[in-house]
Amino acid sequence: LARCLDSARPVYAVHLHGLAKRTLPPTVEAIAADRLQAVRAARPHGPYVLGGHCNGGMVALEMAHQLRAAGERVKVVVLVDTSAPRHGRRAVHRTVDMLARLRGLPPEGRTELDLRIARTLEEVAWWACYCQNRLRILVRSGMPAQADFVWRKLAGAAWHVAGVLWGRPASRGGAPPHASAALAEPSQAYRRAIQRYVPALYAGPVVLFRAEELPANRPDLGWSRVLPRLEVAVIPGDHHTSITRHISAFATRLEEFIQRAETGA
């Protein structure tokens, strides 16, 4: 992406966890604060253009919140195929608070109850979303691709069963179980943080790039209620190819929005 943008503009890629192997902070707010340290170490003051793909857009939005609260200028926030958190999340938090008060739980007990409910709901939601997306992809693909997908899933299941029956490692690469768990934990922690995130109203300019090949019930992907200055642009490709195969088209549109933000047009 950086190679497709104006060469005079510095571009920084911020890794979610940092390059050091550290425990991921438990909330999006804490993740954003942690990553802002890296951003401000490279560029202490703005103006800034922040962006993220998929759930990374939520982290970018929260970083923008914190920068503006610190008196810094954020030209524009770029969300790339990022869906807004569902309204139900607020209801879950209110329900947990009510149950905790009824049971007379201390703050730490309330947090534990919230985590238990959130983990259960996030697993259900994640699998439902995964199955829905896989079904959409399979419906659009041809029979050979569908057959290949089913075959790979069956082969993976057979390998897992064989490992259980004959004591082989579950991973084809021979990695020990604790290694797989270590790799999965950051992803699970990140998903838990995303599931619990409730974005506040953001009054700054935001552009949402939405992939044209994925159907959306709402063109704004649910963001208008908290982003009053939201603009939506449709870019070619699906959730992944929009930033890979079609990166040039995406970069062209992105450059347009950045230049508009710089000139105040």
# chains A, B, ... in the order shown; residues from 1 in each chain; ligands from 1

call {"tool": "residues_around", "arguments": {"residues": "A:Arg43", "least_positions_apart": "5", "cutoff": "12 Å", "atoms": "only C-alpha atoms", "output": "NGL selection string"}}
result
:A and (10-12 or 36-38 or 48-49 or 72)

call {"tool": "residues_around", "arguments": {"residues": "stretch 28-34 of chain A", "least_positions_apart": "4", "cutoff": "7 Å", "atoms": "only C-alpha atoms", "output": "PDB file with all heavy atoms, in the first residue's frame"}}
result
ATOM      1  N   VAL A  59      -9.379  -0.568  16.328  1.00  0.00           N
ATOM      2  CA  VAL A  59      -8.207  -0.109  17.081  1.00  0.00           C
ATOM      3  C   VAL A  59      -7.778   1.268  16.585  1.00  0.00           C
ATOM      4  O   VAL A  59      -7.462   2.160  17.379  1.00  0.00           O
ATOM      5  CB  VAL A  59      -7.055  -1.121  16.955  1.00  0.00           C
ATOM      6  CG1 VAL A  59      -5.817  -0.623  17.698  1.00  0.00           C
ATOM      7  CG2 VAL A  59      -7.470  -2.491  17.494  1.00  0.00           C
ATOM      8  N   GLU A  62     -10.149   3.887  17.936  1.00  0.00           N
ATOM      9  CA  GLU A  62      -9.898   4.162  19.350  1.00  0.00           C
ATOM     10  C   GLU A  62      -8.614   4.963  19.529  1.00  0.00           C
ATOM     11  O   GLU A  62      -8.539   5.850  20.398  1.00  0.00           O
ATOM     12  CB  GLU A  62      -9.829   2.852  20.132  1.00  0.00           C
ATOM     13  CG  GLU A  62      -9.590   3.020  21.627  1.00  0.00           C
ATOM     14  CD  GLU A  62     -10.639   3.879  22.315  1.00  0.00           C
ATOM     15  OE1 GLU A  62     -11.819   3.841  21.912  1.00  0.00           O
ATOM     16  OE2 GLU A  62     -10.269   4.612  23.267  1.00  0.00           O
ATOM     17  N   MET A  63      -7.607   4.690  18.713  1.00  0.00           N
ATOM     18  CA  MET A  63      -6.378   5.494  18.757  1.00  0.00           C
ATOM     19  C   MET A  63      -6.679   6.949  18.419  1.00  0.00           C
ATOM     20  O   MET A  63      -6.138   7.879  19.040  1.00  0.00           O
ATOM     21  CB  MET A  63      -5.341   4.914  17.793  1.00  0.00           C
ATOM     22  CG  MET A  63      -4.789   3.566  18.225  1.00  0.00           C
ATOM     23  SD  MET A  63      -3.793   2.757  16.941  1.00  0.00           S
ATOM     24  CE  MET A  63      -2.341   3.805  16.910  1.00  0.00           C
ATOM     25  N   ALA A 193     -11.259  -8.969  23.196  1.00  0.00           N
ATOM     26  CA  ALA A 193     -11.215  -7.508  23.308  1.00  0.00           C
ATOM     27  C   ALA A 193     -12.154  -6.858  22.295  1.00  0.00           C
ATOM     28  O   ALA A 193     -12.894  -5.918  22.626  1.00  0.00           O
ATOM     29  CB  ALA A 193      -9.784  -7.012  23.102  1.00  0.00           C
ATOM     30  N   ILE A 194     -12.144  -7.364  21.065  1.00  0.00           N
ATOM     31  CA  ILE A 194     -13.013  -6.820  20.023  1.00  0.00           C
ATOM     32  C   ILE A 194     -14.477  -7.033  20.383  1.00  0.00           C
ATOM     33  O   ILE A 194     -15.323  -6.142  20.215  1.00  0.00           O
ATOM     34  CB  ILE A 194     -12.691  -7.465  18.661  1.00  0.00           C
ATOM     35  CG1 ILE A 194     -11.307  -7.013  18.166  1.00  0.00           C
ATOM     36  CG2 ILE A 194     -13.762  -7.142  17.631  1.00  0.00           C
ATOM     37  CD1 ILE A 194     -11.212  -5.532  17.883  1.00  0.00           C
ATOM     38  N   TYR A 197     -15.738  -4.434  22.856  1.00  0.00           N
ATOM     39  CA  TYR A 197     -15.544  -3.016  22.548  1.00  0.00           C
ATOM     40  C   TYR A 197     -16.864  -2.331  22.196  1.00  0.00           C
ATOM     41  O   TYR A 197     -17.627  -2.817  21.366  1.00  0.00           O
ATOM     42  CB  TYR A 197     -14.567  -2.863  21.385  1.00  0.00           C
ATOM     43  CG  TYR A 197     -14.251  -1.431  21.025  1.00  0.00           C
ATOM     44  CD1 TYR A 197     -13.802  -0.539  21.988  1.00  0.00           C
ATOM     45  CD2 TYR A 197     -14.402  -0.975  19.722  1.00  0.00           C
ATOM     46  CE1 TYR A 197     -13.505   0.773  21.666  1.00  0.00           C
ATOM     47  CE2 TYR A 197     -14.099   0.331  19.385  1.00  0.00           C
ATOM     48  CZ  TYR A 197     -13.649   1.202  20.365  1.00  0.00           C
ATOM     49  OH  TYR A 197     -13.355   2.500  20.037  1.00  0.00           O
TER      50      TYR A 197
END

call {"tool": "closest_residue", "arguments": {"among": "A:Leu201, A:Ala70, A:Ile137, A:Ala189", "to": "A:His239", "atoms": "only C-alpha atoms"}}
result
A:Ile137

call {"tool": "residues_around", "arguments": {"residues": "A:Ala200", "least_positions_apart": "2", "cutoff": "7 Å", "atoms": "only C-alpha atoms", "output": "list in words"}}
result
Val198, Tyr202 and Val226 of chain A

call {"tool": "write_last_selection", "arguments": {"atoms": "N, CA and C atoms", "output": "PDB file, in the first residue's frame"}}
result
ATOM      1  N   VAL A 198     -17.111  -1.202  22.841  1.00  0.00           N
ATOM      2  CA  VAL A 198     -18.285  -0.374  22.553  1.00  0.00           C
ATOM      3  C   VAL A 198     -17.768   1.015  22.183  1.00  0.00           C
ATOM      4  N   TYR A 202     -17.655   9.582  17.727  1.00  0.00           N
ATOM      5  CA  TYR A 202     -16.428  10.201  17.219  1.00  0.00           C
ATOM      6  C   TYR A 202     -16.826  11.276  16.218  1.00  0.00           C
ATOM      7  N   VAL A 226     -22.524   6.309  15.366  1.00  0.00           N
ATOM      8  CA  VAL A 226     -21.452   6.858  16.208  1.00  0.00           C
ATOM      9  C   VAL A 226     -20.439   7.668  15.405  1.00  0.00           C
TER      10      VAL A 226
END

call {"tool": "residues_around", "arguments": {"residues": "A:Asn55", "least_positions_apart": "2", "cutoff": "6 Å", "atoms": "only C-alpha atoms", "output": "list in words"}}
result
Gly57, Met58 and Thr82 of chain A

call {"tool": "atom_distance", "arguments": {"atom1": "atom CA of A:Ser242", "atom2": "atom CA of A:Arg152"}}
result
25.4 Å

call {"tool": "decode", "arguments": {"residues": "stretch 219-250 of chain A", "atoms": "N, CA and C atoms", "output": "PDB file, in the first residue's frame"}}
result
ATOM      1  N   PRO A 219     -25.227  -0.192   4.045  1.00  0.00           N
ATOM      2  CA  PRO A 219     -24.056   0.322   3.318  1.00  0.00           C
ATOM      3  C   PRO A 219     -22.977   0.887   4.229  1.00  0.00           C
ATOM      4  N   ASP A 220     -23.387   1.409   5.401  1.00  0.00           N
ATOM      5  CA  ASP A 220     -22.410   1.996   6.323  1.00  0.00           C
ATOM      6  C   ASP A 220     -21.846   0.973   7.295  1.00  0.00           C
ATOM      7  N   LEU A 221     -22.234  -0.298   7.140  1.00  0.00           N
ATOM      8  CA  LEU A 221     -21.800  -1.388   8.027  1.00  0.00           C
ATOM      9  C   LEU A 221     -22.083  -1.083   9.498  1.00  0.00           C
ATOM     10  N   GLY A 222     -23.115  -0.259   9.731  1.00  0.00           N
ATOM     11  CA  GLY A 222     -23.562   0.005  11.096  1.00  0.00           C
ATOM     12  C   GLY A 222     -22.870   1.146  11.818  1.00  0.00           C
ATOM     13  N   TRP A 223     -22.071   1.962  11.112  1.00  0.00           N
ATOM     14  CA  TRP A 223     -21.247   2.966  11.782  1.00  0.00           C
ATOM     15  C   TRP A 223     -21.902   4.336  11.941  1.00  0.00           C
ATOM     16  N   SER A 224     -22.918   4.648  11.177  1.00  0.00           N
ATOM     17  CA  SER A 224     -23.433   6.024  11.148  1.00  0.00           C
ATOM     18  C   SER A 224     -23.888   6.530  12.510  1.00  0.00           C
ATOM     19  N   ARG A 225     -24.340   5.647  13.376  1.00  0.00           N
ATOM     20  CA  ARG A 225     -24.870   6.094  14.670  1.00  0.00           C
ATOM     21  C   ARG A 225     -23.786   6.682  15.566  1.00  0.00           C
ATOM     22  N   VAL A 226     -22.524   6.309  15.366  1.00  0.00           N
ATOM     23  CA  VAL A 226     -21.452   6.858  16.208  1.00  0.00           C
ATOM     24  C   VAL A 226     -20.439   7.668  15.405  1.00  0.00           C
ATOM     25  N   LEU A 227     -20.598   7.704  14.073  1.00  0.00           N
ATOM     26  CA  LEU A 227     -19.668   8.452  13.224  1.00  0.00           C
ATOM     27  C   LEU A 227     -20.467   9.425  12.355  1.00  0.00           C
ATOM     28  N   PRO A 228     -20.801  10.593  12.873  1.00  0.00           N
ATOM     29  CA  PRO A 228     -21.652  11.528  12.123  1.00  0.00           C
ATOM     30  C   PRO A 228     -20.998  12.081  10.863  1.00  0.00           C
ATOM     31  N   ARG A 229     -19.671  12.042  10.759  1.00  0.00           N
ATOM     32  CA  ARG A 229     -18.985  12.572   9.576  1.00  0.00           C
ATOM     33  C   ARG A 229     -18.438  11.437   8.707  1.00  0.00           C
ATOM     34  N   LEU A 230     -19.157  10.347   8.683  1.00  0.00           N
ATOM     35  CA  LEU A 230     -18.724   9.167   7.931  1.00  0.00           C
ATOM     36  C   LEU A 230     -19.003   9.324   6.437  1.00  0.00           C
ATOM     37  N   GLU A 231     -18.019   8.925   5.631  1.00  0.00           N
ATOM     38  CA  GLU A 231     -18.200   8.773   4.191  1.00  0.00           C
ATOM     39  C   GLU A 231     -17.924   7.317   3.837  1.00  0.00           C
ATOM     40  N   VAL A 232     -18.667   6.806   2.874  1.00  0.00           N
ATOM     41  CA  VAL A 232     -18.516   5.408   2.467  1.00  0.00           C
ATOM     42  C   VAL A 232     -18.065   5.354   1.013  1.00  0.00           C
ATOM     43  N   ALA A 233     -17.041   4.556   0.758  1.00  0.00           N
ATOM     44  CA  ALA A 233     -16.548   4.343  -0.601  1.00  0.00           C
ATOM     45  C   ALA A 233     -16.474   2.846  -0.860  1.00  0.00           C
ATOM     46  N   VAL A 234     -16.935   2.423  -2.014  1.00  0.00           N
ATOM     47  CA  VAL A 234     -16.913   1.010  -2.382  1.00  0.00           C
ATOM     48  C   VAL A 234     -15.682   0.752  -3.240  1.00  0.00           C
ATOM     49  N   ILE A 235     -14.922  -0.281  -2.878  1.00  0.00           N
ATOM     50  CA  ILE A 235     -13.713  -0.631  -3.619  1.00  0.00           C
ATOM     51  C   ILE A 235     -13.845  -2.049  -4.160  1.00  0.00           C
ATOM     52  N   PRO A 236     -13.167  -2.353  -5.263  1.00  0.00           N
ATOM     53  CA  PRO A 236     -13.303  -3.685  -5.868  1.00  0.00           C
ATOM     54  C   PRO A 236     -12.699  -4.777  -4.996  1.00  0.00           C
ATOM     55  N   GLY A 237     -13.244  -5.992  -5.167  1.00  0.00           N
ATOM     56  CA  GLY A 237     -12.713  -7.143  -4.452  1.00  0.00           C
ATOM     57  C   GLY A 237     -13.574  -7.560  -3.282  1.00  0.00           C
ATOM     58  N   ASP A 238     -13.086  -8.574  -2.568  1.00  0.00           N
ATOM     59  CA  ASP A 238     -13.765  -9.016  -1.362  1.00  0.00           C
ATOM     60  C   ASP A 238     -12.962  -8.560  -0.146  1.00  0.00           C
ATOM     61  N   HIS A 239     -13.240  -9.162   0.992  1.00  0.00           N
ATOM     62  CA  HIS A 239     -12.615  -8.711   2.237  1.00  0.00           C
ATOM     63  C   HIS A 239     -11.088  -8.766   2.170  1.00  0.00           C
ATOM     64  N   HIS A 240     -10.557  -9.751   1.452  1.00  0.00           N
ATOM     65  CA  HIS A 240      -9.103  -9.921   1.383  1.00  0.00           C
ATOM     66  C   HIS A 240      -8.509  -9.368   0.086  1.00  0.00           C
ATOM     67  N   THR A 241      -9.140  -9.649  -1.048  1.00  0.00           N
ATOM     68  CA  THR A 241      -8.551  -9.214  -2.319  1.00  0.00           C
ATOM     69  C   THR A 241      -8.609  -7.702  -2.502  1.00  0.00           C
ATOM     70  N   SER A 242      -9.483  -7.025  -1.754  1.00  0.00           N
ATOM     71  CA  SER A 242      -9.553  -5.565  -1.866  1.00  0.00           C
ATOM     72  C   SER A 242      -8.253  -4.904  -1.428  1.00  0.00           C
ATOM     73  N   ILE A 243      -7.477  -5.585  -0.565  1.00  0.00           N
ATOM     74  CA  ILE A 243      -6.205  -5.010  -0.108  1.00  0.00           C
ATOM     75  C   ILE A 243      -5.006  -5.807  -0.614  1.00  0.00           C
ATOM     76  N   THR A 244      -5.256  -6.717  -1.540  1.00  0.00           N
ATOM     77  CA  THR A 244      -4.149  -7.480  -2.129  1.00  0.00           C
ATOM     78  C   THR A 244      -4.190  -7.338  -3.649  1.00  0.00           C
ATOM     79  N   ARG A 245      -5.051  -8.090  -4.285  1.00  0.00           N
ATOM     80  CA  ARG A 245      -5.137  -8.071  -5.746  1.00  0.00           C
ATOM     81  C   ARG A 245      -5.552  -6.700  -6.280  1.00  0.00           C
ATOM     82  N   HIS A 246      -6.420  -6.007  -5.531  1.00  0.00           N
ATOM     83  CA  HIS A 246      -6.933  -4.710  -5.988  1.00  0.00           C
ATOM     84  C   HIS A 246      -6.321  -3.554  -5.197  1.00  0.00           C
ATOM     85  N   ILE A 247      -5.099  -3.729  -4.734  1.00  0.00           N
ATOM     86  CA  ILE A 247      -4.486  -2.719  -3.874  1.00  0.00           C
ATOM     87  C   ILE A 247      -4.309  -1.384  -4.590  1.00  0.00           C
ATOM     88  N   SER A 248      -4.038  -1.409  -5.891  1.00  0.00           N
ATOM     89  CA  SER A 248      -3.836  -0.152  -6.624  1.00  0.00           C
ATOM     90  C   SER A 248      -5.109   0.682  -6.650  1.00  0.00           C
ATOM     91  N   ALA A 249      -6.245   0.021  -6.890  1.00  0.00           N
ATOM     92  CA  ALA A 249      -7.519   0.744  -6.913  1.00  0.00           C
ATOM     93  C   ALA A 249      -7.833   1.312  -5.532  1.00  0.00           C
ATOM     94  N   PHE A 250      -7.574   0.524  -4.511  1.00  0.00           N
ATOM     95  CA  PHE A 250      -7.801   0.995  -3.144  1.00  0.00           C
ATOM     96  C   PHE A 250      -6.906   2.188  -2.832  1.00  0.00           C
TER      97      PHE A 250
END
